[in-house]
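Visitor: So here's data.txt, just compact mmCIF, C-alpha atoms:
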# COMPACT_ATOMS: atom_id res chain seq x y z
CA MET A 1 43.36 182.48 -107.15
CA LEU A 2 40.28 181.07 -108.89
CA VAL A 3 38.07 182.51 -106.16
CA LEU A 4 39.67 185.94 -106.45
CA GLY A 5 39.28 185.87 -110.24
CA ASP A 6 35.61 186.89 -110.04
CA LYS A 7 36.18 189.74 -107.58
CA ASN A 8 37.20 193.28 -108.48
CA ILE A 9 39.64 195.33 -106.45
CA PRO A 10 37.64 198.02 -104.60
CA LYS A 11 37.83 201.60 -105.97
CA ILE A 12 39.79 200.46 -109.05
CA SER A 13 38.57 200.26 -112.65
CA LEU A 14 37.43 196.83 -113.82
CA TYR A 15 40.08 196.52 -116.55
CA ILE A 16 42.91 197.81 -114.36
CA SER A 17 41.79 195.38 -111.65
CA ARG A 18 41.95 192.50 -114.11
CA LEU A 19 45.39 193.59 -115.33
CA ILE A 20 46.74 193.75 -111.77
CA LYS A 21 45.38 190.27 -111.03
CA ASN A 22 46.99 188.94 -114.22
CA PHE A 23 50.39 190.31 -113.19
CA VAL A 24 50.03 188.81 -109.72
CA LEU A 25 49.13 185.47 -111.32
CA PHE A 26 52.15 185.79 -113.62
CA LEU A 27 54.48 186.32 -110.66
CA TYR A 28 52.98 183.36 -108.82
CA LEU A 29 53.24 181.05 -111.85
CA SER A 30 56.88 182.12 -112.39
CA HIS A 31 57.64 181.17 -108.77
CA LEU A 32 55.88 177.82 -109.20
CA ASP A 33 57.67 177.16 -112.49
CA ALA A 34 61.09 177.93 -110.98
CA CYS A 35 60.46 175.57 -108.04
CA ILE A 36 59.26 172.69 -110.26
CA PHE A 37 62.17 173.05 -112.69
CA TRP A 38 64.64 173.19 -109.81
CA ALA A 39 63.12 170.00 -108.38
CA ILE A 40 63.50 168.25 -111.76
CA CYS A 41 67.15 169.27 -112.02
CA TYR A 42 67.80 168.15 -108.43
CA TRP A 43 66.08 164.82 -109.16
CA GLU A 44 68.26 164.25 -112.26
CA ASN A 45 71.45 164.59 -110.15
CA SER A 46 73.55 164.97 -113.30
CA PRO A 47 76.52 167.26 -114.03
CA LEU A 48 74.70 168.12 -117.31
CA SER A 49 71.57 169.38 -115.56
CA TRP A 50 70.71 173.03 -115.94
CA ILE A 51 71.57 174.01 -112.35
CA ASN A 52 75.04 172.44 -112.62
CA THR A 53 75.67 173.86 -116.11
CA PHE A 54 75.13 177.35 -114.76
CA GLY A 55 77.04 176.71 -111.54
CA LEU A 56 74.07 177.03 -109.25
CA GLY A 57 74.61 173.73 -107.44
CA VAL A 58 78.23 174.05 -106.34
CA GLY A 59 80.38 177.17 -106.48
CA PRO A 60 83.81 177.45 -108.20
CA ASN A 61 85.69 176.69 -104.98
CA GLY A 62 83.46 173.68 -104.18
CA SER A 63 81.31 175.52 -101.65
CA ALA A 64 77.51 175.55 -101.78
CA VAL A 65 75.89 178.47 -103.61
CA PRO A 66 73.73 180.64 -101.28
CA PHE A 67 69.99 179.91 -101.42
CA GLY A 68 69.15 183.51 -102.34
CA THR A 69 71.41 183.35 -105.40
CA GLN A 70 69.92 180.02 -106.45
CA TYR A 71 66.33 181.25 -106.11
CA LEU A 72 66.85 184.58 -107.90
CA ALA A 73 68.67 182.96 -110.81
CA SER A 74 66.01 180.25 -111.15
CA TYR A 75 63.15 182.77 -110.82
CA LEU A 76 64.66 185.07 -113.45
CA ALA A 77 65.07 182.15 -115.85
CA ALA A 78 61.43 181.16 -115.29
CA GLN A 79 60.22 184.69 -116.12
CA GLU A 80 62.37 184.74 -119.26
CA VAL A 81 60.81 181.47 -120.37
CA MET A 82 57.34 183.01 -120.00
CA PHE A 83 58.40 185.54 -122.65
CA PHE A 84 59.95 182.82 -124.87
CA SER A 85 63.61 183.26 -123.91
CA PHE A 86 64.37 179.56 -123.36
CA ARG A 87 66.98 177.90 -121.21
CA THR A 88 70.01 176.05 -122.62
CA ILE A 89 69.27 172.41 -121.75
CA THR A 90 70.51 168.98 -122.87
CA LEU A 91 68.63 166.37 -120.82
CA GLY A 92 65.32 164.74 -121.82
CA PRO A 93 63.20 165.47 -118.72
CA GLU A 94 64.14 169.17 -118.88
CA ARG A 95 63.18 169.35 -122.57
CA ILE A 96 59.80 167.75 -121.88
CA TYR A 97 59.12 170.24 -119.11
CA CYS A 98 60.15 173.13 -121.39
CA ILE A 99 57.32 172.13 -123.75
CA VAL A 100 54.90 172.65 -120.86
CA GLU A 101 56.55 176.02 -120.15
CA VAL A 102 55.99 177.13 -123.77
CA ILE A 103 52.26 176.36 -123.53
CA LEU A 104 51.98 178.08 -120.13
CA GLY A 105 53.87 181.12 -121.40
CA SER A 106 51.52 181.43 -124.40
CA LEU A 107 48.49 181.46 -122.11
CA VAL A 108 50.00 183.98 -119.71
CA ASN A 109 51.09 186.34 -122.50
CA GLY A 110 47.71 186.11 -124.22
CA SER A 111 45.90 186.94 -120.98
CA ILE A 112 48.15 189.89 -120.12
CA PHE A 113 48.18 191.50 -123.57
CA GLY A 114 44.46 190.86 -124.01
CA ASN A 115 43.72 192.75 -120.80
CA ILE A 116 46.05 195.58 -121.85
CA ALA A 117 44.11 195.86 -125.14
CA ASN A 118 40.79 195.92 -123.25
CA LEU A 119 42.17 198.63 -120.96
CA VAL A 120 43.17 200.80 -123.93
CA VAL A 121 39.74 200.37 -125.56
CA SER A 122 37.94 201.19 -122.30
CA MET A 123 40.04 204.32 -121.86
CA GLN A 124 39.11 205.41 -125.39
CA ASN A 125 35.40 204.77 -124.71
CA ASP A 126 35.57 206.61 -121.41
CA ALA A 127 37.32 209.51 -123.10
CA ALA A 128 34.59 209.70 -125.77
CA LEU A 129 31.86 209.61 -123.11
CA ASP A 130 33.66 212.22 -121.02
CA GLN A 131 33.88 214.46 -124.07
CA LYS A 132 30.13 214.14 -124.67
CA LEU A 133 29.47 214.79 -121.00
CA GLN A 134 31.64 217.91 -121.07
CA LYS A 135 29.71 219.21 -124.07
CA GLN A 136 26.42 218.51 -122.28
CA ASN A 137 27.59 220.27 -119.11
CA TYR A 138 28.81 223.26 -121.13
CA ARG A 139 25.48 223.42 -122.95
CA MET A 140 23.52 223.23 -119.68
CA LEU A 141 25.73 225.94 -118.15
CA ASN A 142 25.01 228.29 -121.05
CA LEU A 143 21.32 227.41 -120.91
CA ARG A 144 21.09 228.26 -117.20
CA LYS A 145 22.94 231.54 -117.76
CA PHE A 146 20.67 232.45 -120.67
CA MET A 147 17.50 231.84 -118.64
CA ARG A 148 18.81 233.67 -115.55
CA ASP A 149 19.94 236.70 -117.55
CA ARG A 150 16.51 236.99 -119.15
CA LYS A 151 14.75 236.44 -115.82
CA PHE A 152 12.79 233.35 -116.79
CA PRO A 153 10.45 232.19 -114.00
CA VAL A 154 12.06 229.59 -111.76
CA GLU A 155 9.35 227.07 -112.57
CA ILE A 156 10.03 227.32 -116.31
CA GLN A 157 13.78 227.02 -115.72
CA LYS A 158 13.22 223.79 -113.78
CA LYS A 159 11.05 222.34 -116.53
CA VAL A 160 13.61 223.17 -119.23
CA ARG A 161 16.49 221.69 -117.22
CA GLN A 162 14.56 218.53 -116.40
CA HIS A 163 13.56 218.09 -120.03
CA ASN A 164 17.18 218.40 -121.17
CA GLU A 165 18.33 215.97 -118.49
CA MET A 166 15.69 213.47 -119.54
CA GLU A 167 16.72 213.74 -123.19
CA TRP A 168 20.35 213.18 -122.19
CA VAL A 169 19.41 210.03 -120.28
CA ARG A 170 17.34 208.72 -123.15
CA ASN A 171 20.03 209.31 -125.75
CA HIS A 172 22.46 207.28 -123.64
CA GLY A 173 20.04 204.47 -122.84
CA LEU A 174 19.52 201.13 -124.56
CA ASP A 175 18.60 201.27 -128.23
CA GLU A 176 17.19 197.98 -129.51
CA GLY A 177 17.49 199.30 -133.06
CA LYS A 178 21.28 199.39 -132.77
CA LEU A 179 21.54 196.19 -130.75
CA PHE A 180 19.45 194.08 -133.15
CA GLY A 181 19.74 196.11 -136.35
CA ASP A 182 21.42 193.36 -138.40
CA LEU A 183 19.00 190.57 -137.47
CA PRO A 184 16.26 189.38 -139.86
CA LEU A 185 12.80 190.83 -139.31
CA PHE A 186 11.18 187.63 -138.00
CA LEU A 187 13.92 187.21 -135.37
CA LYS A 188 13.71 190.87 -134.34
CA GLN A 189 9.95 190.47 -133.90
CA GLU A 190 10.54 187.54 -131.52
CA LEU A 191 12.95 189.71 -129.54
CA TRP A 192 10.48 192.62 -129.41
CA ASN A 193 7.73 190.27 -128.27
CA HIS A 194 9.97 188.89 -125.52
CA LEU A 195 10.92 192.39 -124.35
CA HIS A 196 7.55 194.13 -124.49
CA MET A 197 4.61 191.73 -124.80
CA ASP A 198 4.31 190.96 -121.10
CA SER A 199 4.36 194.68 -120.34
CA LEU A 200 1.62 195.37 -122.88
CA ASN A 201 -0.58 192.60 -121.53
CA GLY A 202 -0.44 194.31 -118.13
CA VAL A 203 -2.53 197.20 -119.52
CA PRO A 204 -6.24 196.29 -119.69
CA VAL A 205 -6.81 197.82 -123.12
CA PHE A 206 -4.09 195.60 -124.59
CA ARG A 207 -4.85 192.55 -122.46
CA ASN A 208 -8.44 192.52 -123.72
CA CYS A 209 -7.36 192.92 -127.34
CA THR A 210 -7.51 189.67 -129.35
CA ASP A 211 -5.63 190.98 -132.41
CA HIS A 212 -2.15 189.56 -131.89
CA MET A 213 -0.84 191.23 -135.05
CA PHE A 214 -1.77 194.62 -133.57
CA LYS A 215 0.01 193.89 -130.28
CA ALA A 216 3.07 192.64 -132.18
CA ALA A 217 3.12 195.89 -134.17
CA VAL A 218 2.88 197.91 -130.95
CA ALA A 219 5.75 195.93 -129.41
CA ARG A 220 7.82 196.77 -132.48
CA VAL A 221 7.60 200.54 -131.88
CA MET A 222 8.38 200.42 -128.15
CA SER A 223 11.81 201.33 -126.77
CA THR A 224 13.83 200.75 -123.61
CA VAL A 225 15.32 203.52 -121.46
CA MET A 226 17.61 203.47 -118.43
CA ILE A 227 16.86 206.29 -115.96
CA GLN A 228 19.08 207.33 -113.07
CA ASP A 229 17.90 207.24 -109.48
CA ASP A 230 15.95 210.16 -107.97
CA PHE A 231 15.10 211.47 -111.43
CA CYS A 232 11.82 213.20 -112.28
CA VAL A 233 10.34 211.31 -115.24
CA PHE A 234 7.58 213.89 -115.62
CA ARG A 235 5.77 216.47 -113.49
CA ALA A 236 2.15 217.32 -112.84
CA GLY A 237 0.88 219.55 -115.62
CA ASP A 238 3.27 218.22 -118.28
CA GLU A 239 1.79 217.10 -121.58
CA ALA A 240 1.24 213.33 -121.52
CA LEU A 241 2.91 211.75 -124.53
CA GLU A 242 4.22 208.39 -123.28
CA CYS A 243 3.25 205.36 -121.22
CA PHE A 244 5.98 203.71 -119.11
CA PHE A 245 6.43 200.07 -118.08
CA VAL A 246 8.77 199.35 -115.16
CA ARG A 247 11.16 196.45 -115.80
CA MET A 248 13.80 197.17 -113.18
CA GLY A 249 13.83 199.48 -110.18
CA ALA A 250 10.81 201.42 -108.92
CA VAL A 251 8.94 204.68 -109.58
CA GLU A 252 6.96 206.81 -107.12
CA LEU A 253 3.85 208.73 -108.16
CA LEU A 254 3.54 212.06 -106.30
CA ASP A 255 0.63 214.42 -105.89
CA GLU A 256 0.86 218.20 -106.20
CA LEU A 257 2.09 218.47 -102.59
CA GLY A 258 4.88 215.98 -103.17
CA HIS A 259 3.24 213.18 -101.18
CA VAL A 260 3.83 209.62 -102.44
CA LYS A 261 0.46 208.24 -103.59
CA GLN A 262 1.68 205.01 -105.15
CA THR A 263 4.91 203.12 -105.85
CA ILE A 264 5.15 201.29 -109.17
CA GLN A 265 7.26 198.16 -108.85
CA VAL A 266 8.69 195.82 -111.49
CA GLY A 267 5.92 194.64 -113.80
CA GLY A 268 3.76 197.73 -113.25
CA PHE A 269 3.00 200.64 -115.55
CA PHE A 270 2.16 204.34 -115.23
CA GLY A 271 1.32 207.28 -117.46
CA ASP A 272 -1.17 205.22 -119.51
CA GLU A 273 -3.48 208.24 -119.85
CA ALA A 274 -1.14 209.35 -122.64
CA LEU A 275 -2.32 206.47 -124.85
CA TYR A 276 -5.86 207.78 -125.33
CA GLY A 277 -5.38 211.33 -126.55
CA PRO A 278 -4.03 214.77 -125.60
CA CYS A 279 -4.06 215.43 -121.86
CA GLN A 280 -1.93 216.71 -119.00
CA ARG A 281 -0.31 214.73 -116.22
CA ARG A 282 -2.26 214.81 -112.96
CA PHE A 283 0.70 213.62 -110.92
CA ALA A 284 4.49 213.54 -110.98
CA ALA A 285 6.68 210.46 -111.38
CA ARG A 286 10.12 210.04 -109.78
CA THR A 287 12.52 207.09 -109.80
CA THR A 288 13.69 205.71 -106.45
CA THR A 289 16.69 203.86 -107.89
CA THR A 290 18.31 203.25 -111.25
CA THR A 291 15.30 202.17 -113.28
CA GLU A 292 14.77 200.49 -116.63
CA VAL A 293 11.47 201.27 -118.31
CA GLY A 294 9.79 200.35 -121.54
CA VAL A 295 8.35 203.37 -123.34
CA LEU A 296 5.34 203.51 -125.65
CA ALA A 297 4.85 206.93 -127.24
CA ARG A 298 1.39 208.08 -128.32
CA PRO A 299 2.53 209.23 -131.82
CA GLU A 300 3.97 205.77 -132.49
CA LEU A 301 0.79 204.12 -131.22
CA GLU A 302 -1.33 206.34 -133.46
CA HIS A 303 0.67 205.22 -136.51
CA VAL A 304 -0.01 201.59 -135.60
CA LEU A 305 -3.72 202.24 -134.95
CA ALA A 306 -3.98 203.80 -138.41
CA ASP A 307 -3.15 200.36 -139.85
CA PHE A 308 -5.69 198.60 -137.63
CA PRO A 309 -8.97 200.57 -137.94
CA LYS A 310 -11.07 197.87 -136.26
CA VAL A 311 -8.87 197.96 -133.18
CA ALA A 312 -8.78 201.78 -133.25
CA ALA A 313 -12.59 201.84 -133.05
CA THR A 314 -12.48 199.93 -129.75
CA PHE A 315 -9.44 201.70 -128.32
CA VAL A 316 -11.20 203.75 -125.63
CA ALA A 317 -9.80 204.99 -122.35
CA PRO A 318 -11.29 203.62 -119.13
CA LEU A 319 -13.25 206.18 -117.11
CA PRO A 320 -10.71 206.68 -114.28
CA THR A 321 -8.15 208.00 -116.75
CA MET A 322 -10.47 210.37 -118.71
CA GLU A 323 -10.41 213.43 -116.46
CA HIS A 324 -8.80 215.41 -119.31
CA ARG A 325 -12.07 215.13 -121.25
CA HIS A 326 -13.84 217.33 -118.68
CA PRO A 327 -11.29 219.53 -116.89
CA ASP A 328 -13.93 220.88 -114.50
CA ARG A 329 -14.57 217.37 -113.10
CA THR A 330 -12.00 215.13 -111.47
CA PHE A 331 -12.22 211.36 -111.25
CA SER A 332 -10.29 209.37 -108.70
CA MET A 333 -6.84 208.31 -109.90
CA ARG A 334 -6.15 204.58 -109.61
CA SER A 335 -4.11 204.00 -106.52
CA SER A 336 -3.05 201.06 -104.43
CA THR A 337 -4.07 203.13 -101.39
CA SER A 338 -7.68 203.56 -102.54
CA LYS A 339 -10.34 202.10 -100.24
CA ILE A 340 -13.01 201.97 -102.98
CA SER A 341 -13.48 198.72 -104.87
CA PRO A 342 -13.13 198.85 -108.72
CA GLY A 343 -16.87 198.20 -109.22
CA LYS A 344 -17.94 201.00 -106.86
CA GLN A 345 -15.32 203.35 -108.32
CA LEU A 346 -16.64 202.75 -111.87
CA SER A 347 -20.27 203.24 -110.76
CA SER A 348 -19.32 206.49 -109.03
CA GLY A 349 -17.63 207.71 -112.21
CA ILE A 350 -20.70 206.88 -114.30
CA ARG A 351 -23.02 208.72 -111.87
CA SER A 352 -20.73 211.80 -111.91
CA LEU A 353 -20.67 211.77 -115.70
CA LYS A 354 -24.45 211.54 -115.90
CA ARG A 355 -24.91 214.41 -113.41
CA MET A 356 -22.48 216.52 -115.42
CA VAL A 357 -24.27 215.84 -118.72
CA SER A 358 -27.64 216.48 -117.05
CA GLY A 359 -26.44 219.81 -115.74
CA SER A 360 -25.03 220.87 -119.10
CA VAL A 361 -28.30 220.24 -120.94
CA ALA A 362 -30.65 221.61 -118.27
CA GLY A 363 -32.78 224.51 -119.50
CA SER A 364 -32.26 223.70 -123.20
CA PRO A 365 -35.51 223.55 -125.24
CA GLY A 366 -36.55 219.99 -125.88
CA SER A 367 -33.70 218.56 -123.87
CA VAL A 368 -34.09 215.65 -121.53
CA GLY A 369 -31.76 215.33 -118.55
CA LEU A 370 -30.14 212.06 -117.46
CA THR A 371 -30.97 210.86 -113.99
CA SER A 372 -28.61 209.01 -111.72
CA PRO A 373 -29.58 205.47 -110.82
Would you put the structure from the file into structure tokens?
Guide:
Amino acid sequence: MLVLGDKNIPKISLYISRLIKNFVLFLYLSHLDACIFWAICYWENSPLSWINTFGLGVGPNGSAVPFGTQYLASYLAAQEVMFFSFRTITLGPERIYCIVEVILGSLVNGSIFGNIANLVVSMQNDAALDQKLQKQNYRMLNLRKFMRDRKFPVEIQKKVRQHNEMEWVRNHGLDEGKLFGDLPLFLKQELWNHLHMDSLNGVPVFRNCTDHMFKAAVARVMSTVMIQDDFCVFRAGDEALECFFVRMGAVELLDELGHVKQTIQVGGFFGDEALYGPCQRRFAARTTTTTEVGVLARPELEHVLADFPKVAATFVAPLPTMEHRHPDRTFSMRSSTSKISPGKQLSSGIRSLKRMVSGSVAGSPGSVGLTSP
């Protein structure tokens, strides 16, 4: 029974499964209680014992009482004791054992009624969630109908639906503000540091920052989101507003043709181009399983940078993520599949930038072009 206590019944709700197991345990304990009490009465061998008082030992005509009658009567009495309907007894050993029965009955009743209460609460929570889900489905149905009736382009319809789905997921994710809202500020800061600091230190611009107060402030404005599997976090061409840190699950980065260019595992990050200013996503991101991510939004980061002007002056995007500065030039996206070493990739980016600047100033009076090394 102890081994089965940690296992749920397949295809049955957790609370209903626990309730069923409690009833099975109650039936088993009643059987065990009836057998032990019968053994005590048989050991006493007294006409005043409970089995003789109720005529379960010998019948009225002196014949033995059938075993089935003896067992059912004893089992019924044991179940009544579990619900505090006690036997009529006179002998000492039976009274001592009845004390044990009272304690056992209290535990059994507490377990059963506690699980019933949990079941009622879970049904209420499920009903509230189902009601919200019905409202969301009804809203999405009307939204689809509205866009179809007005002949919105299919691409725009997809973007609107995906945005609404993402907002729904976020609103039903983890909210540290509600979880830790009543804690003192210093303790909440320790929790934020534990949740987000390792993720921040994975990004070079934060890892190289020596202002711990700034990083603590950034950790304070981050949030945690649970995203369902096979969900599009963002698409190529979307405005980049957030950087994501994978804590559980995995995320695939896709090019415009839908080919997987990189898989971000636990401890990785993606979408960091959003931290350095307005730009558009160059790739799409899709979860491969239920994924937990930390989220750092650019507006929140900008509020923090406003309080740390010295850090803001050094907060510059690395070259590989600055293609939004010059839309007519494209730098190589960081990828685990790239064959170019980081040093060569950076040198190539610098040479491209110099050629671009040289070309833009060529022919201007008094201008001097930059030459590539």
Visitor: Please, which residues are within 8 Å of (63.6, 181.0, -106.5) by the file's coordinates, counting all atoms listed in the file, and could they come as JSON, numbers by chain?
Guide: {"A": [31, 34, 35, 68, 70, 71, 72, 73, 74, 75]}
Visitor: What does the structure give for the distance between CA of Thr69 in chain A and CA of Leu56 in chain A, in Å to one decimal?
Guide: 7.9 Å
Visitor: Using all atoms listed in the file, which of A:Val205, A:Ala240, A:Ile36, A:Ala217 sits nearest Val316 in chain A?
Guide: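 The answer is A:Val205, which sits nearest to Val316 in chain A.
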Visitor: By how many Å are CA of Asp182 in chain A and CA of Glu300 in chain A apart?
Guide: 22.2 Å
Visitor: Can you pull out the residues contacting range 278-295 of chain A? Cut-off 6 Å, using only C-alpha atoms, and skip same-chain residues under 5 positions away; I want them as a ChimeraX atom specification.
Guide: /A:222-240,243-255,324
Visitor: What lies within 12 Å of Trp192 in chain A using only C-alpha atoms, ignoring chain neighbours under 3 positions off, as a VMD selection string?
Guide: chain A and resid 175 to 177 179 to 180 183 185 to 189 195 to 200 215 to 224 294
Visitor: Of the candidates A:Gln131, A:Phe26, A:Gly57, A:Leu191, which one gets nearest to Met82 in chain A if we count all atoms listed in the file?
Guide: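 Answer, going by the shortest atom-to-atom distance: A:Phe26.
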Visitor: Rounded to one decimal in Å, what is the spacing between CA of Phe37 in chain A and CA of Arg87 in chain A?
Guide: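 Distance reported for this atom pair: 10.9 Å.
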Visitor: Considering all atoms listed in the file, can you say which of A:Phe84, A:Tyr276, A:Phe67, A:Phe308 comes closest to Met213 in chain A?
Guide: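 Of the candidates, the smallest distance to Met213 in chain A is held by A:Phe308.
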Visitor: Please determine, counting all atoms listed in the file, which residue among A:Ile51, A:Val65, A:Leu141, A:Val304 has the shortest atom-to-atom distance to Ala77 in chain A.
Guide: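 Looking only at the distances to Ala77 in chain A, the closest residue turns out to be A:Ile51.
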Visitor: Given all atoms listed in the file as the basis, pick out the residue of A:Ala64, A:Val154, A:Glu101, A:Thr88 nearest to Leu32 in chain A.
Guide: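 That would be A:Glu101, the residue with the smallest distance to Leu32 in chain A.
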Visitor: Kindly add N, CA, C and O atoms to the incomplete range 20-35 of chain A and provide the output as a PDB file, keeping the file's coordinate frame.
Guide:
ATOM      1  N   ILE A  20      45.956 193.960-112.986  1.00  0.00           N
ATOM      2  CA  ILE A  20      46.740 193.750-111.770  1.00  0.00           C
ATOM      3  C   ILE A  20      46.688 192.286-111.352  1.00  0.00           C
ATOM      4  O   ILE A  20      47.715 191.677-111.002  1.00  0.00           O
ATOM      5  N   LYS A  21      45.503 191.682-111.411  1.00  0.00           N
ATOM      6  CA  LYS A  21      45.380 190.270-111.030  1.00  0.00           C
ATOM      7  C   LYS A  21      46.146 189.367-111.982  1.00  0.00           C
ATOM      8  O   LYS A  21      46.709 188.349-111.567  1.00  0.00           O
ATOM      9  N   ASN A  22      46.201 189.739-113.268  1.00  0.00           N
ATOM     10  CA  ASN A  22      46.990 188.940-114.220  1.00  0.00           C
ATOM     11  C   ASN A  22      48.472 189.015-113.919  1.00  0.00           C
ATOM     12  O   ASN A  22      49.185 188.007-114.028  1.00  0.00           O
ATOM     13  N   PHE A  23      48.972 190.189-113.532  1.00  0.00           N
ATOM     14  CA  PHE A  23      50.390 190.310-113.190  1.00  0.00           C
ATOM     15  C   PHE A  23      50.715 189.525-111.924  1.00  0.00           C
ATOM     16  O   PHE A  23      51.777 188.890-111.827  1.00  0.00           O
ATOM     17  N   VAL A  24      49.821 189.584-110.942  1.00  0.00           N
ATOM     18  CA  VAL A  24      50.030 188.810-109.720  1.00  0.00           C
ATOM     19  C   VAL A  24      50.058 187.313-110.040  1.00  0.00           C
ATOM     20  O   VAL A  24      50.901 186.558-109.525  1.00  0.00           O
ATOM     21  N   LEU A  25      49.144 186.880-110.906  1.00  0.00           N
ATOM     22  CA  LEU A  25      49.130 185.470-111.320  1.00  0.00           C
ATOM     23  C   LEU A  25      50.395 185.106-112.067  1.00  0.00           C
ATOM     24  O   LEU A  25      50.946 184.007-111.886  1.00  0.00           O
ATOM     25  N   PHE A  26      50.900 186.031-112.886  1.00  0.00           N
ATOM     26  CA  PHE A  26      52.150 185.790-113.620  1.00  0.00           C
ATOM     27  C   PHE A  26      53.319 185.603-112.659  1.00  0.00           C
ATOM     28  O   PHE A  26      54.152 184.691-112.832  1.00  0.00           O
ATOM     29  N   LEU A  27      53.404 186.449-111.634  1.00  0.00           N
ATOM     30  CA  LEU A  27      54.480 186.320-110.660  1.00  0.00           C
ATOM     31  C   LEU A  27      54.390 185.008-109.892  1.00  0.00           C
ATOM     32  O   LEU A  27      55.405 184.341-109.631  1.00  0.00           O
ATOM     33  N   TYR A  28      53.171 184.611-109.555  1.00  0.00           N
ATOM     34  CA  TYR A  28      52.980 183.360-108.820  1.00  0.00           C
ATOM     35  C   TYR A  28      53.350 182.157-109.687  1.00  0.00           C
ATOM     36  O   TYR A  28      54.022 181.211-109.222  1.00  0.00           O
ATOM     37  N   LEU A  29      52.924 182.163-110.956  1.00  0.00           N
ATOM     38  CA  LEU A  29      53.240 181.050-111.850  1.00  0.00           C
ATOM     39  C   LEU A  29      54.742 180.969-112.126  1.00  0.00           C
ATOM     40  O   LEU A  29      55.294 179.873-112.277  1.00  0.00           O
ATOM     41  N   SER A  30      55.421 182.124-112.206  1.00  0.00           N
ATOM     42  CA  SER A  30      56.880 182.120-112.390  1.00  0.00           C
ATOM     43  C   SER A  30      57.565 181.468-111.194  1.00  0.00           C
ATOM     44  O   SER A  30      58.514 180.681-111.346  1.00  0.00           O
ATOM     45  N   HIS A  31      57.097 181.792-109.978  1.00  0.00           N
ATOM     46  CA  HIS A  31      57.640 181.170-108.770  1.00  0.00           C
ATOM     47  C   HIS A  31      57.405 179.654-108.795  1.00  0.00           C
ATOM     48  O   HIS A  31      58.327 178.861-108.508  1.00  0.00           O
ATOM     49  N   LEU A  32      56.195 179.241-109.153  1.00  0.00           N
ATOM     50  CA  LEU A  32      55.880 177.820-109.200  1.00  0.00           C
ATOM     51  C   LEU A  32      56.701 177.106-110.266  1.00  0.00           C
ATOM     52  O   LEU A  32      57.215 175.985-110.037  1.00  0.00           O
ATOM     53  N   ASP A  33      56.869 177.746-111.409  1.00  0.00           N
ATOM     54  CA  ASP A  33      57.670 177.160-112.490  1.00  0.00           C
ATOM     55  C   ASP A  33      59.121 176.995-112.083  1.00  0.00           C
ATOM     56  O   ASP A  33      59.749 175.959-112.343  1.00  0.00           O
ATOM     57  N   ALA A  34      59.685 178.007-111.424  1.00  0.00           N
ATOM     58  CA  ALA A  34      61.090 177.930-110.980  1.00  0.00           C
ATOM     59  C   ALA A  34      61.279 176.794-109.976  1.00  0.00           C
ATOM     60  O   ALA A  34      62.280 176.045-110.047  1.00  0.00           O
ATOM     61  N   CYS A  35      60.339 176.629-109.054  1.00  0.00           N
ATOM     62  CA  CYS A  35      60.460 175.570-108.040  1.00  0.00           C
ATOM     63  C   CYS A  35      60.376 174.190-108.676  1.00  0.00           C
ATOM     64  O   CYS A  35      61.145 173.273-108.324  1.00  0.00           O
TER      65      CYS A  35
END
